[in-house]
Amino acid sequence: MGRKYAIIPAGGIGNRSGLNQPKQFFEWQGEPVLSRSVRLFVGLVDAIVVAAPEEWLDQTVQLVGKQAHVVVGGATRFESVHNAFQALPTHEPNDLIAIHDAARPFFNAQLLNLGFNLCREKGAVLFARKATDTIKWADALGVVEQTLDRNRIWLAQTPQIFSGQLLQKGYKQFQSLEPTFTDEAAMVEAMGHPVHLLEGNIQNRKLTEKEDFMRSGETCIGHGYDVHRFDPSRPLYLCGVEIPGGPGLLGHSDADVALHAIMDALLGATGQGDIGHWFPDNDPQYKGVRSTQLFAAVWQDLSQKGYQLGNVDLTIQAQIPKLAPYRDLMRKQLAELFQVSPQKCNVKATTTEGLGFVGEKLGMAAHAVVCLVRESCP
Ligand code: MG
């Protein structure tokens with residue numbers, strides 16, 4: 001019956017992406033593009049072969065682990081796929097080989113069997129999208145010569161699936177001619193063999209330009225909660241603002257319960273523990289420290305990792321003092337700390353109607369929710 005294989009050419013260094021590493025290593029929502037693309041085929045084929053640039057071979061091996069076999073790519077995509085093809089465990093005429101761009105991590109793998117089944121019958125299958133824009137044919141000076149019939153225009157994607165026999169024949173025929181095919185379907189077409197189109201999913205775009213990755217922003221949400229008991233002998237700080245008349249809060253630092261909740265939310269959103277872990281309350285260097293300083297350390301770390309503030313929403317629970325007159329001030333101070341517009345920082349204050357430890361005026365609590373976005377590679 002023949003086996004099913006996947007070949008993933010990841011040989012290009014991706015200059016077009018404007019990034020300082022091959023685009024297949026760039027992360028999309030925390031996972032490198034290449035490992036997402038490899039993962040599409042795991043369990044659906046008998047083996048996966050990745051063709052990688054020689055200088056990135058070790059990283060590629062490390063990245064794909066046991067999921068794929070890695071070979072050195074060539075100077076062109078055509079060569080890379082050919083190298084990978086030669087490394088396949090079998091070369092039976094009935095083998096089916098799906099070739100898929102490393103930079104297309106959004107292919108709907110549920111369509112794959114449809115492709116294999118059609119290929120078993122027809123020998124050559126190409127996933128593609130129908131054109132939605134009107135397509136113009138122009139001369140070298142950019143003057144339109146013709147408007148093409150959109151109903152017959154398809155935009156080639158991958159996977160492209162071929163029988164082993166057809167590929168074998170094609171490589172034999174064209175290998176020595178230094179062919180300029182930009183995909184394997186073009187080779188099969190040049191052999192005079194019909195290539196059958198299958199409609200791919202609309203999300204199956206190729207990540208090519210820097211802008212594609214800029215859109216790759218990940219969003220993280222974090223929640224923070226903190227409580228401090230009153231100590232009237234101390235000044236009261238909330239969001240870094242001193243609230244005249246207090247009462248203050250007891251704590252190892254300045255006990256800014258609002259900033260503590262926000263820092264915990266930030267660390268929560270980025271999976272980095274909590275402030276107790278970052279700034280232990282038995283460490284003398286943090287005794288009496290202003291929480292604005294602690295915040296600055298946390299926010300600097302996150303900024304360096306590429307995170308930006310989507311928004312922060314803070315709720316302070318306090319029976320006393322009245323916080324409404326300071327709300328705008330706190331909001332402004334938060335905006336300054338984050339270096340964003342106050343619009344992104346919301347501060348709310350509520351009593352608890354006399355209920356609980358807050359209502360009994362024993363202390364204050366604060367809840368914070370933050371949304372962080374990371375728009376480009378760190
Ligand atoms: Mg605290």
# chains A, B, ... in the order shown; residues from 1 in each chain; ligands from 1
>>> closest_atom_pairs(of="chain A", to="ligand 1", cutoff="12 Å", atoms="only C-alpha atoms and all ligand atoms", output="tab-separated table")
residue	atom	partner	partner_atom_place_in_ligand_line	distance
A:Gly224	CA	ligand 1	1 (Mg)	10.3
A:Tyr225	CA	ligand 1	1 (Mg)	8.6
A:Asp226	CA	ligand 1	1 (Mg)	5.4
A:Val227	CA	ligand 1	1 (Mg)	6.2
A:His228	CA	ligand 1	1 (Mg)	6.3
A:Arg229	CA	ligand 1	1 (Mg)	9.8
A:Tyr237	CA	ligand 1	1 (Mg)	11.8
A:Leu238	CA	ligand 1	1 (Mg)	11.4
A:Leu249	CA	ligand 1	1 (Mg)	9.6
A:Leu250	CA	ligand 1	1 (Mg)	9.2
A:Gly251	CA	ligand 1	1 (Mg)	7.0
A:His252	CA	ligand 1	1 (Mg)	8.4
A:Ser253	CA	ligand 1	1 (Mg)	8.0
A:Asp254	CA	ligand 1	1 (Mg)	8.9
A:Ala255	CA	ligand 1	1 (Mg)	5.7
A:Asp256	CA	ligand 1	1 (Mg)	6.8
A:Val257	CA	ligand 1	1 (Mg)	5.3
A:Ala258	CA	ligand 1	1 (Mg)	8.3
A:Leu259	CA	ligand 1	1 (Mg)	8.2
A:His260	CA	ligand 1	1 (Mg)	5.1
A:Ala261	CA	ligand 1	1 (Mg)	7.2
A:Ile262	CA	ligand 1	1 (Mg)	10.2
A:Met263	CA	ligand 1	1 (Mg)	9.6
A:Asp264	CA	ligand 1	1 (Mg)	9.2
A:Asp274	CA	ligand 1	1 (Mg)	10.3
A:Ile275	CA	ligand 1	1 (Mg)	8.1
A:Gly276	CA	ligand 1	1 (Mg)	8.1
A:His277	CA	ligand 1	1 (Mg)	11.8
A:Phe279	CA	ligand 1	1 (Mg)	10.3
A:Pro280	CA	ligand 1	1 (Mg)	10.7
A:Asp281	CA	ligand 1	1 (Mg)	9.2
A:Arg290	CA	ligand 1	1 (Mg)	11.8
A:Ser291	CA	ligand 1	1 (Mg)	9.3
A:Leu294	CA	ligand 1	1 (Mg)	11.4
A:Gly363	CA	ligand 1	1 (Mg)	11.7
A:Met364	CA	ligand 1	1 (Mg)	10.4
A:Ala365	CA	ligand 1	1 (Mg)	9.3
A:Ala366	CA	ligand 1	1 (Mg)	9.4
A:His367	CA	ligand 1	1 (Mg)	11.4
>>> residues_around(residues="segment 345-360 of chain A", least_positions_apart="2", cutoff="6 Å", atoms="only C-alpha atoms", output="number ranges by chain")
A: 311-319, 331, 342-343, 362-364
>>> closest_atom_pairs(of="segment 162-251 of chain A", to="segment 80-98 of chain A", cutoff="8 Å", atoms="only C-alpha atoms", output="JSON lines")
{"residue": "A:Phe162", "atom": "CA", "partner": "A:Ile97", "partner_atom": "CA", "distance": 5.4}
{"residue": "A:Ser163", "atom": "CA", "partner": "A:Leu96", "partner_atom": "CA", "distance": 4.6}
{"residue": "A:Gly164", "atom": "CA", "partner": "A:Asp95", "partner_atom": "CA", "distance": 4.9}
{"residue": "A:Gln165", "atom": "CA", "partner": "A:Pro93", "partner_atom": "CA", "distance": 4.2}
{"residue": "A:Leu166", "atom": "CA", "partner": "A:Pro93", "partner_atom": "CA", "distance": 7.8}
{"residue": "A:Tyr171", "atom": "CA", "partner": "A:His82", "partner_atom": "CA", "distance": 7.5}
>>> write_last_selection(atoms="N, CA and C atoms", output="CSV table (one decimal), in the first residue's frame")
chain,number,residue,atom,x,y,z
A,162,PHE,N,2.5,14.1,-3.4
A,162,PHE,CA,2.9,13.4,-4.7
A,162,PHE,C,3.1,11.9,-4.4
A,163,SER,N,3.0,11.1,-5.4
A,163,SER,CA,3.4,9.7,-5.3
A,163,SER,C,4.9,9.6,-5.3
A,164,GLY,N,5.5,8.7,-4.6
A,164,GLY,CA,6.9,8.5,-4.6
A,164,GLY,C,7.5,8.3,-6.0
A,165,GLN,N,6.7,7.6,-6.8
A,165,GLN,CA,7.1,7.2,-8.2
A,165,GLN,C,7.3,8.5,-9.0
A,166,LEU,N,6.3,9.4,-8.9
A,166,LEU,CA,6.3,10.7,-9.6
A,166,LEU,C,7.5,11.6,-9.2
A,171,TYR,N,12.9,13.9,-10.2
A,171,TYR,CA,14.2,14.2,-9.8
A,171,TYR,C,15.2,13.7,-10.8
>>> select_by_dssp(residues="segment 47-275 of chain A", states="alpha helix (DSSP H)", output="PyMOL selection string")
chain A and resi 57-64+77-86+112-122+164-174+184-190+210-214+257-269+275
>>> residues_around(residues="Leu40 of chain A", least_positions_apart="2", cutoff="12 Å", atoms="only C-alpha atoms", output="PDB file with C-alpha atoms, in the first residue's frame")
ATOM      1  CA  ALA A   6       6.039  14.436   5.315  1.00  0.00           C
ATOM      2  CA  ILE A   7       8.940  16.572   4.120  1.00  0.00           C
ATOM      3  CA  ILE A   8       9.343  20.010   5.671  1.00  0.00           C
ATOM      4  CA  VAL A  33       6.959  28.028  14.035  1.00  0.00           C
ATOM      5  CA  LEU A  34       8.870  24.938  12.891  1.00  0.00           C
ATOM      6  CA  SER A  35       7.805  22.746  15.787  1.00  0.00           C
ATOM      7  CA  ARG A  36       4.190  23.773  15.195  1.00  0.00           C
ATOM      8  CA  SER A  37       4.520  22.794  11.542  1.00  0.00           C
ATOM      9  CA  VAL A  38       6.132  19.458  12.430  1.00  0.00           C
ATOM     10  CA  VAL A  42       2.807  13.747  14.004  1.00  0.00           C
ATOM     11  CA  GLY A  43       0.696  10.603  14.114  1.00  0.00           C
ATOM     12  CA  LEU A  44      -0.615  11.126  10.575  1.00  0.00           C
ATOM     13  CA  VAL A  45       2.442   9.957   8.631  1.00  0.00           C
ATOM     14  CA  ILE A  48       8.782  13.293   8.989  1.00  0.00           C
ATOM     15  CA  GLN A  67       9.377  13.835  16.092  1.00  0.00           C
ATOM     16  CA  ALA A  68      11.374  14.223  12.894  1.00  0.00           C
ATOM     17  CA  ALA A  98       3.443  15.482   1.563  1.00  0.00           C
ATOM     18  CA  HIS A 100       4.914  21.336   3.578  1.00  0.00           C
ATOM     19  CA  ASP A 101       6.447  24.787   4.147  1.00  0.00           C
ATOM     20  CA  ALA A 102       7.957  25.208   7.606  1.00  0.00           C
ATOM     21  CA  ARG A 104       2.858  27.472   7.370  1.00  0.00           C
ATOM     22  CA  PRO A 105       2.013  26.378  10.895  1.00  0.00           C
ATOM     23  CA  PHE A 106      -1.734  26.924  10.502  1.00  0.00           C
ATOM     24  CA  PHE A 107      -2.619  24.170   8.031  1.00  0.00           C
ATOM     25  CA  ASN A 108      -5.690  22.276   9.146  1.00  0.00           C
ATOM     26  CA  ALA A 109      -4.246  18.768   9.538  1.00  0.00           C
ATOM     27  CA  GLN A 110      -7.750  17.289   9.362  1.00  0.00           C
ATOM     28  CA  LEU A 111      -7.592  17.975   5.615  1.00  0.00           C
ATOM     29  CA  LEU A 112      -4.462  15.873   5.230  1.00  0.00           C
ATOM     30  CA  PRO A 159       1.048  20.618   1.600  1.00  0.00           C
ATOM     31  CA  ASN A 204      -3.035  28.404   6.085  1.00  0.00           C
TER      32      ASN A 204
END
>>> closest_residue(among="A:Pro22, A:Pro244, A:Gly11, A:Gly115", to="Val70 of chain A", atoms="only C-alpha atoms")
A:Gly11
>>> atom_distance(atom1="atom CA of Gln203 of chain A", atom2="atom CA of Trp154 of chain A")
15.3 Å
>>> atom_distance(atom1="atom CA of Asn117 of chain A", atom2="atom CA of Arg129 of chain A")
19.1 Å
>>> residues_around(residues="Phe338 of chain A", least_positions_apart="6", cutoff="9 Å", atoms="only C-alpha atoms", output="list of chain:residue names")
A:Ala296, A:Trp299, A:Gln308, A:Leu309, A:Cys345
>>> write_last_selection(atoms="N, CA and C atoms", output="PDB file, in the first residue's frame")
ATOM      1  N   ALA A 296       9.372  48.658  39.670  1.00  0.00           N
ATOM      2  CA  ALA A 296      10.273  49.027  38.562  1.00  0.00           C
ATOM      3  C   ALA A 296      11.129  47.833  38.142  1.00  0.00           C
ATOM      4  N   TRP A 299       8.805  45.344  36.263  1.00  0.00           N
ATOM      5  CA  TRP A 299       8.365  45.842  34.957  1.00  0.00           C
ATOM      6  C   TRP A 299       9.528  45.931  33.969  1.00  0.00           C
ATOM      7  N   GLN A 308       4.284  44.228  26.714  1.00  0.00           N
ATOM      8  CA  GLN A 308       3.716  45.569  26.847  1.00  0.00           C
ATOM      9  C   GLN A 308       2.395  45.439  27.577  1.00  0.00           C
ATOM     10  N   LEU A 309       2.017  46.554  28.227  1.00  0.00           N
ATOM     11  CA  LEU A 309       0.763  46.502  28.967  1.00  0.00           C
ATOM     12  C   LEU A 309      -0.417  46.650  28.015  1.00  0.00           C
ATOM     13  N   CYS A 345      -5.046  52.179  32.550  1.00  0.00           N
ATOM     14  CA  CYS A 345      -4.949  51.843  33.976  1.00  0.00           C
ATOM     15  C   CYS A 345      -6.240  52.234  34.672  1.00  0.00           C
TER      16      CYS A 345
END
>>> select_by_dssp(residues="segment 115-282 of chain A", states="strand (DSSP E or B)", output="ChimeraX atom specification")
/A:124-130,136-138,144-147,154-163,196-199,218-230,236-238,241-243,249
>>> atom_distance(atom1="atom CA of Glu199 of chain A", atom2="atom CA of Ala156 of chain A")
9.6 Å
>>> closest_residue(among="A:Cys371, A:Tyr326, A:Leu266, A:Ala103", to="Ala297 of chain A", atoms="only C-alpha atoms")
A:Leu266
>>> closest_residue(among="A:Ala185, A:Leu148, A:Ala324, A:Val72", to="Ala51 of chain A", atoms="only C-alpha atoms")
A:Val72
>>> decode(residues="segment 95-110 of chain A", atoms="N, CA, C and O atoms", output="short mmCIF file (atom, residue, chain, number, x, y, z; two decimals), in the first residue's frame")
data_model
loop_
_atom_site.label_atom_id
_atom_site.label_comp_id
_atom_site.auth_asym_id
_atom_site.auth_seq_id
_atom_site.Cartn_x
_atom_site.Cartn_y
_atom_site.Cartn_z
N ASP A 95 4.54 4.98 -2.22
CA ASP A 95 4.66 5.91 -1.09
C ASP A 95 4.00 7.24 -1.46
O ASP A 95 4.01 7.64 -2.63
N LEU A 96 3.44 7.89 -0.45
CA LEU A 96 2.86 9.22 -0.68
C LEU A 96 3.66 10.23 0.14
O LEU A 96 3.91 10.00 1.33
N ILE A 97 4.07 11.32 -0.49
CA ILE A 97 4.94 12.28 0.19
C ILE A 97 4.28 13.65 0.21
O ILE A 97 4.00 14.23 -0.85
N ALA A 98 4.02 14.14 1.41
CA ALA A 98 3.44 15.48 1.56
C ALA A 98 4.58 16.45 1.85
O ALA A 98 5.36 16.24 2.78
N ILE A 99 4.70 17.49 1.04
CA ILE A 99 5.75 18.49 1.24
C ILE A 99 5.08 19.75 1.78
O ILE A 99 4.10 20.23 1.20
N HIS A 100 5.61 20.23 2.91
CA HIS A 100 4.91 21.34 3.58
C HIS A 100 5.90 22.41 4.02
O HIS A 100 6.93 22.11 4.63
N ASP A 101 5.59 23.67 3.73
CA ASP A 101 6.45 24.79 4.15
C ASP A 101 6.54 24.86 5.67
O ASP A 101 5.53 24.82 6.36
N ALA A 102 7.78 25.04 6.16
CA ALA A 102 7.96 25.21 7.61
C ALA A 102 7.21 26.44 8.12
O ALA A 102 6.77 26.49 9.26
N ALA A 103 7.07 27.43 7.24
CA ALA A 103 6.46 28.70 7.67
C ALA A 103 4.95 28.73 7.51
O ALA A 103 4.33 29.79 7.49
N ARG A 104 4.33 27.53 7.40
CA ARG A 104 2.86 27.47 7.37
C ARG A 104 2.36 26.62 8.54
O ARG A 104 1.96 25.46 8.35
N PRO A 105 2.38 27.19 9.73
CA PRO A 105 2.01 26.38 10.90
C PRO A 105 0.50 26.25 11.11
O PRO A 105 0.07 25.59 12.03
N PHE A 106 -0.29 26.89 10.24
CA PHE A 106 -1.73 26.92 10.50
C PHE A 106 -2.55 26.04 9.57
O PHE A 106 -3.75 26.18 9.45
N PHE A 107 -1.88 25.12 8.88
CA PHE A 107 -2.62 24.17 8.03
C PHE A 107 -3.54 23.33 8.91
O PHE A 107 -3.16 22.90 10.00
N ASN A 108 -4.74 23.10 8.41
CA ASN A 108 -5.69 22.28 9.15
C ASN A 108 -5.39 20.81 8.84
O ASN A 108 -5.76 20.29 7.79
N ALA A 109 -4.73 20.13 9.78
CA ALA A 109 -4.25 18.77 9.54
C ALA A 109 -5.39 17.78 9.28
O ALA A 109 -5.17 16.69 8.75
N GLN A 110 -6.62 18.18 9.64
CA GLN A 110 -7.75 17.29 9.36
C GLN A 110 -7.99 17.12 7.86
O GLN A 110 -8.66 16.20 7.44
#
